[in-house]
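K.L.:
For reference, the file my_file.pdb (PDB, C-alpha atoms, pLDDT in the B column) is included below:
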ATOM      1  CA  MET Z   1       0.000   0.000   0.000  1.00 62.00           C
ATOM      2  CA  GLU Z   2       2.846   2.398   0.841  1.00 73.00           C
ATOM      3  CA  SER Z   3       4.380   1.768  -2.602  1.00 73.00           C
ATOM      4  CA  LEU Z   4       1.091   2.680  -4.293  1.00 74.00           C
ATOM      5  CA  ASN Z   5       0.872   5.900  -2.268  1.00 84.00           C
ATOM      6  CA  LYS Z   6       4.428   6.852  -3.280  1.00 85.00           C
ATOM      7  CA  ASN Z   7       3.644   6.152  -6.944  1.00 86.00           C
ATOM      8  CA  ILE Z   8       0.594   8.407  -6.696  1.00 89.00           C
ATOM      9  CA  GLU Z   9       2.664  11.078  -4.940  1.00 89.00           C
ATOM     10  CA  VAL Z  10       5.331  10.986  -7.689  1.00 87.00           C
ATOM     11  CA  ALA Z  11       2.672  11.256 -10.410  1.00 87.00           C
ATOM     12  CA  LYS Z  12       0.921  14.101  -8.606  1.00 90.00           C
ATOM     13  CA  LEU Z  13       4.162  16.020  -8.005  1.00 89.00           C
ATOM     14  CA  PHE Z  14       5.223  15.522 -11.609  1.00 87.00           C
ATOM     15  CA  ASN Z  15       1.909  16.945 -12.868  1.00 87.00           C
ATOM     16  CA  GLU Z  16       2.186  19.872 -10.466  1.00 90.00           C
ATOM     17  CA  VAL Z  17       5.742  20.654 -11.626  1.00 87.00           C
ATOM     18  CA  VAL Z  18       4.694  20.493 -15.292  1.00 82.00           C
ATOM     19  CA  PHE Z  19       1.776  22.837 -14.538  1.00 85.00           C
ATOM     20  CA  LEU Z  20       4.023  25.298 -12.686  1.00 84.00           C
ATOM     21  CA  VAL Z  21       6.636  25.310 -15.448  1.00 80.00           C
ATOM     22  CA  LYS Z  22       3.905  26.009 -18.006  1.00 77.00           C
ATOM     23  CA  HIS Z  23       2.466  28.711 -15.757  1.00 78.00           C
ATOM     24  CA  ASN Z  24       5.817  30.402 -15.111  1.00 77.00           C
ATOM     25  CA  MET Z  25       7.197  30.109 -18.641  1.00 73.00           C
ATOM     26  CA  GLY Z  26       3.964  30.097 -20.624  1.00 68.00           C
ATOM     27  CA  GLY Z  27       3.400  33.845 -20.375  1.00 72.00           C
ATOM     28  CA  MET Z  28       6.701  34.456 -22.097  1.00 71.00           C
ATOM     29  CA  PHE Z  29       5.633  32.276 -25.016  1.00 71.00           C
ATOM     30  CA  GLU Z  30       2.131  33.751 -25.137  1.00 74.00           C
ATOM     31  CA  LYS Z  31       3.634  37.213 -25.656  1.00 72.00           C
ATOM     32  CA  MET Z  32       5.294  35.830 -28.779  1.00 70.00           C
ATOM     33  CA  GLY Z  33       2.057  34.190 -29.925  1.00 74.00           C
ATOM     34  CA  VAL Z  34       3.277  30.601 -29.504  1.00 79.00           C
ATOM     35  CA  THR Z  35       2.354  27.685 -27.274  1.00 82.00           C
ATOM     36  CA  MET Z  36       4.797  26.095 -24.830  1.00 80.00           C
ATOM     37  CA  PRO Z  37       5.701  23.193 -27.200  1.00 85.00           C
ATOM     38  CA  GLN Z  38       6.109  25.652 -30.061  1.00 87.00           C
ATOM     39  CA  GLY Z  39       8.268  27.814 -27.806  1.00 83.00           C
ATOM     40  CA  ILE Z  40      10.503  24.861 -27.007  1.00 84.00           C
ATOM     41  CA  ILE Z  41      10.982  24.227 -30.740  1.00 90.00           C
ATOM     42  CA  VAL Z  42      11.696  27.906 -31.403  1.00 86.00           C
ATOM     43  CA  GLY Z  43      14.074  28.085 -28.418  1.00 82.00           C
ATOM     44  CA  THR Z  44      15.968  25.025 -29.607  1.00 88.00           C
ATOM     45  CA  LEU Z  45      16.317  26.449 -33.112  1.00 89.00           C
ATOM     46  CA  SER Z  46      17.416  29.790 -31.637  1.00 83.00           C
ATOM     47  CA  GLU Z  47      20.142  28.060 -29.660  1.00 83.00           C
ATOM     48  CA  PHE Z  48      21.409  25.534 -32.219  1.00 89.00           C
ATOM     49  CA  GLY Z  49      20.476  27.109 -35.565  1.00 89.00           C
ATOM     50  CA  LYS Z  50      19.424  25.375 -38.774  1.00 93.00           C
ATOM     51  CA  MET Z  51      18.988  21.613 -38.530  1.00 94.00           C
ATOM     52  CA  LYS Z  52      17.154  18.664 -40.003  1.00 92.00           C
ATOM     53  CA  VAL Z  53      13.720  17.859 -38.600  1.00 91.00           C
ATOM     54  CA  SER Z  54      15.078  14.544 -37.276  1.00 91.00           C
ATOM     55  CA  GLU Z  55      17.874  16.354 -35.406  1.00 94.00           C
ATOM     56  CA  LEU Z  56      15.377  18.812 -33.945  1.00 94.00           C
ATOM     57  CA  SER Z  57      13.097  15.951 -32.885  1.00 92.00           C
ATOM     58  CA  SER Z  58      16.001  14.290 -31.119  1.00 91.00           C
ATOM     59  CA  LYS Z  59      17.013  17.487 -29.303  1.00 91.00           C
ATOM     60  CA  VAL Z  60      13.504  18.195 -27.983  1.00 90.00           C
ATOM     61  CA  GLY Z  61      12.646  14.557 -27.278  1.00 88.00           C
ATOM     62  CA  LEU Z  62       9.568  14.397 -29.506  1.00 89.00           C
ATOM     63  CA  SER Z  63       8.728  12.204 -32.475  1.00 90.00           C
ATOM     64  CA  ASN Z  64       9.370  13.447 -36.014  1.00 90.00           C
ATOM     65  CA  SER Z  65       5.631  13.490 -36.703  1.00 92.00           C
ATOM     66  CA  THR Z  66       4.869  15.587 -33.596  1.00 93.00           C
ATOM     67  CA  VAL Z  67       7.620  18.061 -34.454  1.00 94.00           C
ATOM     68  CA  SER Z  68       6.371  18.238 -38.062  1.00 93.00           C
ATOM     69  CA  VAL Z  69       2.866  19.179 -36.889  1.00 94.00           C
ATOM     70  CA  ILE Z  70       4.303  21.877 -34.609  1.00 95.00           C
ATOM     71  CA  LEU Z  71       6.505  23.125 -37.463  1.00 95.00           C
ATOM     72  CA  ASP Z  72       3.464  23.316 -39.777  1.00 95.00           C
ATOM     73  CA  ARG Z  73       1.806  25.750 -37.379  1.00 93.00           C
ATOM     74  CA  LEU Z  74       4.993  27.749 -36.834  1.00 93.00           C
ATOM     75  CA  GLU Z  75       5.566  27.941 -40.588  1.00 93.00           C
ATOM     76  CA  ASP Z  76       1.969  29.128 -41.135  1.00 92.00           C
ATOM     77  CA  HIS Z  77       2.698  31.999 -38.720  1.00 88.00           C
ATOM     78  CA  GLY Z  78       5.976  32.913 -40.416  1.00 89.00           C
ATOM     79  CA  ILE Z  79       8.064  31.900 -37.399  1.00 89.00           C
ATOM     80  CA  VAL Z  80      10.101  29.128 -39.038  1.00 92.00           C
ATOM     81  CA  GLU Z  81      11.152  28.256 -42.569  1.00 94.00           C
ATOM     82  CA  ARG Z  82      11.750  24.818 -44.046  1.00 92.00           C
ATOM     83  CA  LYS Z  83      14.134  24.396 -46.955  1.00 91.00           C
ATOM     84  CA  ARG Z  84      15.045  21.316 -48.919  1.00 88.00           C
ATOM     85  CA  SER Z  85      18.762  20.598 -49.164  1.00 84.00           C
ATOM     86  CA  LYS Z  86      20.265  21.288 -52.590  1.00 85.00           C
ATOM     87  CA  GLU Z  87      22.712  18.402 -52.136  1.00 86.00           C
ATOM     88  CA  ASP Z  88      20.208  15.830 -50.848  1.00 84.00           C
ATOM     89  CA  LYS Z  89      16.651  16.491 -52.011  1.00 81.00           C
ATOM     90  CA  ARG Z  90      15.317  14.144 -49.295  1.00 85.00           C
ATOM     91  CA  ALA Z  91      16.739  16.266 -46.481  1.00 86.00           C
ATOM     92  CA  VAL Z  92      14.654  19.155 -45.144  1.00 87.00           C
ATOM     93  CA  TYR Z  93      16.212  21.792 -42.914  1.00 93.00           C
ATOM     94  CA  VAL Z  94      14.300  24.050 -40.575  1.00 94.00           C
ATOM     95  CA  ASN Z  95      15.368  27.413 -39.193  1.00 92.00           C
ATOM     96  CA  ILE Z  96      13.937  30.491 -37.525  1.00 89.00           C
ATOM     97  CA  SER Z  97      12.607  32.924 -40.132  1.00 89.00           C
ATOM     98  CA  GLY Z  98      14.341  36.238 -40.656  1.00 84.00           C
ATOM     99  CA  LYS Z  99      11.080  38.009 -39.838  1.00 79.00           C
ATOM    100  CA  PHE Z 100      10.805  36.302 -36.452  1.00 78.00           C
ATOM    101  CA  CYS Z 101      14.495  36.943 -35.661  1.00 75.00           C
ATOM    102  CA  LYS Z 102      13.971  40.666 -36.158  1.00 69.00           C
ATOM    103  CA  THR Z 103      11.090  40.810 -33.677  1.00 66.00           C
ATOM    104  CA  HIS Z 104      12.229  38.163 -31.152  1.00 66.00           C
ATOM    105  CA  GLY Z 105      15.971  37.876 -31.698  1.00 62.00           C
ATOM    106  CA  GLU Z 106      16.923  37.423 -28.057  1.00 67.00           C
ATOM    107  CA  LEU Z 107      14.462  34.595 -27.356  1.00 65.00           C
ATOM    108  CA  HIS Z 108      16.958  31.990 -26.182  1.00 64.00           C
ATOM    109  CA  GLU Z 109      18.683  34.456 -23.864  1.00 72.00           C
ATOM    110  CA  LYS Z 110      15.342  35.598 -22.398  1.00 75.00           C
ATOM    111  CA  ILE Z 111      14.247  32.021 -21.704  1.00 74.00           C
ATOM    112  CA  ASN Z 112      17.574  31.165 -20.067  1.00 77.00           C
ATOM    113  CA  GLU Z 113      17.451  34.330 -17.967  1.00 83.00           C
ATOM    114  CA  LYS Z 114      13.931  33.521 -16.758  1.00 82.00           C
ATOM    115  CA  LEU Z 115      14.947  29.950 -15.826  1.00 83.00           C
ATOM    116  CA  LYS Z 116      18.048  31.286 -14.083  1.00 87.00           C
ATOM    117  CA  ASN Z 117      15.903  33.705 -12.058  1.00 88.00           C
ATOM    118  CA  ILE Z 118      13.485  30.950 -11.077  1.00 87.00           C
ATOM    119  CA  ILE Z 119      16.216  28.490 -10.092  1.00 89.00           C
ATOM    120  CA  SER Z 120      18.163  31.151  -8.174  1.00 91.00           C
ATOM    121  CA  LYS Z 121      15.324  31.211  -5.625  1.00 92.00           C
ATOM    122  CA  GLY Z 122      16.583  27.850  -4.349  1.00 92.00           C
ATOM    123  CA  SER Z 123      19.633  27.205  -2.202  1.00 94.00           C
ATOM    124  CA  GLN Z 124      22.631  25.312  -3.587  1.00 94.00           C
ATOM    125  CA  GLU Z 125      21.395  22.292  -1.644  1.00 96.00           C
ATOM    126  CA  ASP Z 126      17.949  22.627  -3.281  1.00 93.00           C
ATOM    127  CA  ILE Z 127      19.517  22.846  -6.738  1.00 93.00           C
ATOM    128  CA  ASP Z 128      21.715  19.796  -6.076  1.00 94.00           C
ATOM    129  CA  LYS Z 129      18.627  17.839  -4.980  1.00 93.00           C
ATOM    130  CA  ILE Z 130      16.727  18.904  -8.105  1.00 91.00           C
ATOM    131  CA  ILE Z 131      19.591  17.799 -10.344  1.00 92.00           C
ATOM    132  CA  GLU Z 132      19.875  14.493  -8.497  1.00 94.00           C
ATOM    133  CA  GLY Z 133      16.108  13.938  -8.655  1.00 91.00           C
ATOM    134  CA  PHE Z 134      15.800  14.754 -12.355  1.00 88.00           C
ATOM    135  CA  THR Z 135      18.863  12.648 -13.155  1.00 89.00           C
ATOM    136  CA  THR Z 136      17.340   9.697 -11.299  1.00 91.00           C
ATOM    137  CA  PHE Z 137      13.937  10.178 -12.931  1.00 87.00           C
ATOM    138  CA  LYS Z 138      15.543  10.417 -16.383  1.00 84.00           C
ATOM    139  CA  ARG Z 139      17.489   7.199 -15.751  1.00 86.00           C
ATOM    140  CA  ILE Z 140      14.325   5.402 -14.625  1.00 85.00           C
ATOM    141  CA  LEU Z 141      12.431   6.608 -17.711  1.00 81.00           C
ATOM    142  CA  ASN Z 142      15.303   5.597 -20.012  1.00 81.00           C
ATOM    143  CA  ASP Z 143      15.461   2.148 -18.405  1.00 82.00           C
ATOM    144  CA  TYR Z 144      11.712   1.640 -18.781  1.00 78.00           C
ATOM    145  CA  LYS Z 145      10.721  -0.445 -21.757  1.00 66.00           C
ATOM    146  CA  ASP Z 146       7.307  -0.817 -23.354  1.00 56.00           C
ATOM    147  CA  SER Z 147       7.821  -4.554 -22.994  1.00 53.00           C
ATOM    148  CA  ASP Z 148       7.714  -4.005 -19.220  1.00 58.00           C
ATOM    149  CA  ILE Z 149       4.048  -3.046 -19.518  1.00 56.00           C
ATOM    150  CA  LYS Z 150       1.711  -5.900 -18.889  1.00 55.00           C
ATOM    151  CA  GLU Z 151      -0.851  -6.411 -21.610  1.00 53.00           C
ATOM    152  CA  LYS Z 152      -3.675  -5.497 -19.213  1.00 49.00           C
ATOM    153  CA  ASP Z 153      -1.992  -2.154 -18.430  1.00 54.00           C
ATOM    154  CA  LYS Z 154      -1.734  -1.002 -22.064  1.00 52.00           C
ATOM    155  CA  ILE Z 155      -3.938   1.856 -23.070  1.00 50.00           C
TER     156      ILE Z 155
END
Would you write out, as structure tokens, the structure that this file holds?
P.N.:
Amino acid sequence: MESLNKNIEVAKLFNEVVFLVKHNMGGMFEKMGVTMPQGIIVGTLSEFGKMKVSELSSKVGLSNSTVSVILDRLEDHGIVERKRSKEDKRAVYVNISGKFCKTHGELHEKINEKLKNIISKGSQEDIDKIIEGFTTFKRILNDYKDSDIKEKDKI
């Protein structure tokens, strides 16, 4: 029973953290007219520059198809541009549009500054615990395999 309660507590805390991150960072993205997932894509492109959709998907931890849908919306709003490689016609590169750079050129720096301000509210001990906790959670998620799910638990 105690194990079940801890599982519920982890799930609840995770949802609360996700909500708070969206709440604290979401306003920044809303001012630019993008959603949080779109903002993550734009922030990644701002930091790393032009890249293939598959590279972008890998960096943000989303599937190619999910990133493509997000890119469709961003492209419709003139925020990103996709260009086919001249050398390899199969390869498509995505980058922040010149128009968006002119109006929101410091996006990556603003996002990092906001995160820095939020995290600075914690002590060094708090920050070390957060890093340890996220590192552990990431390892657990990476170790988890779909084959570990019992057939009755599949959605």
K.L.:
In Å, with one decimal, what is the gap from CA of His77 in chain Z to CA of Lys22 in chain Z?
P.N.:
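If I compute the distance from CA of His77 in chain Z to CA of Lys22 in chain Z, I get 21.6 Å.
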K.L.:
The PyMOL selection byres ((chain Z and resi 35) around 12) on the file shown: which residues, as a list in words?
P.N.:
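Given this file, the PyMOL selection byres ((chain Z and resi 35) around 12) evaluates to Lys22, His23, Met25, Gly26, Gly27, Met28, Phe29, Glu30, Lys31, Met32, Gly33, Val34, Met36, Pro37, Gln38, Gly39, Ile40, Ile41, Val42, Gly43, Ile70, Leu71, Arg73 and Leu74 of chain Z.
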K.L.:
What is the distance between CA of Gly78 in chain Z and CA of Leu45 in chain Z, in Å to one decimal?
P.N.:
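CA of Leu45 in chain Z lies 14.2 Å from CA of Gly78 in chain Z.
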K.L.:
Could you check how far CA of Asp72 in chain Z sits from CA of Val94 in chain Z, in Å to one decimal?
P.N.:
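Pair CA of Asp72 in chain Z / CA of Val94 in chain Z returns 10.9 Å.
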K.L.:
Do you know which residues are at most 10 Å from Phe48 in chain Z counting all atoms listed in the file, after dropping those on the same chain fewer than 3 positions away, and could you put them as a PyMOL selection string?
P.N.:
chain Z and resi 43-45+51+56+59+95+108
K.L.:
Skip range 86-93 of chain Z itself and residues of its chain fewer than 5 positions away, then list as a CSV table (one decimal) with C-alpha atoms, keeping the file's coordinate frame all residues within 8 Å of it, counting only C-alpha atoms.
P.N.:
chain,number,residue,atom,x,y,z
Z,50,LYS,CA,19.4,25.4,-38.8
Z,51,MET,CA,19.0,21.6,-38.5
Z,52,LYS,CA,17.2,18.7,-40.0
Z,53,VAL,CA,13.7,17.9,-38.6
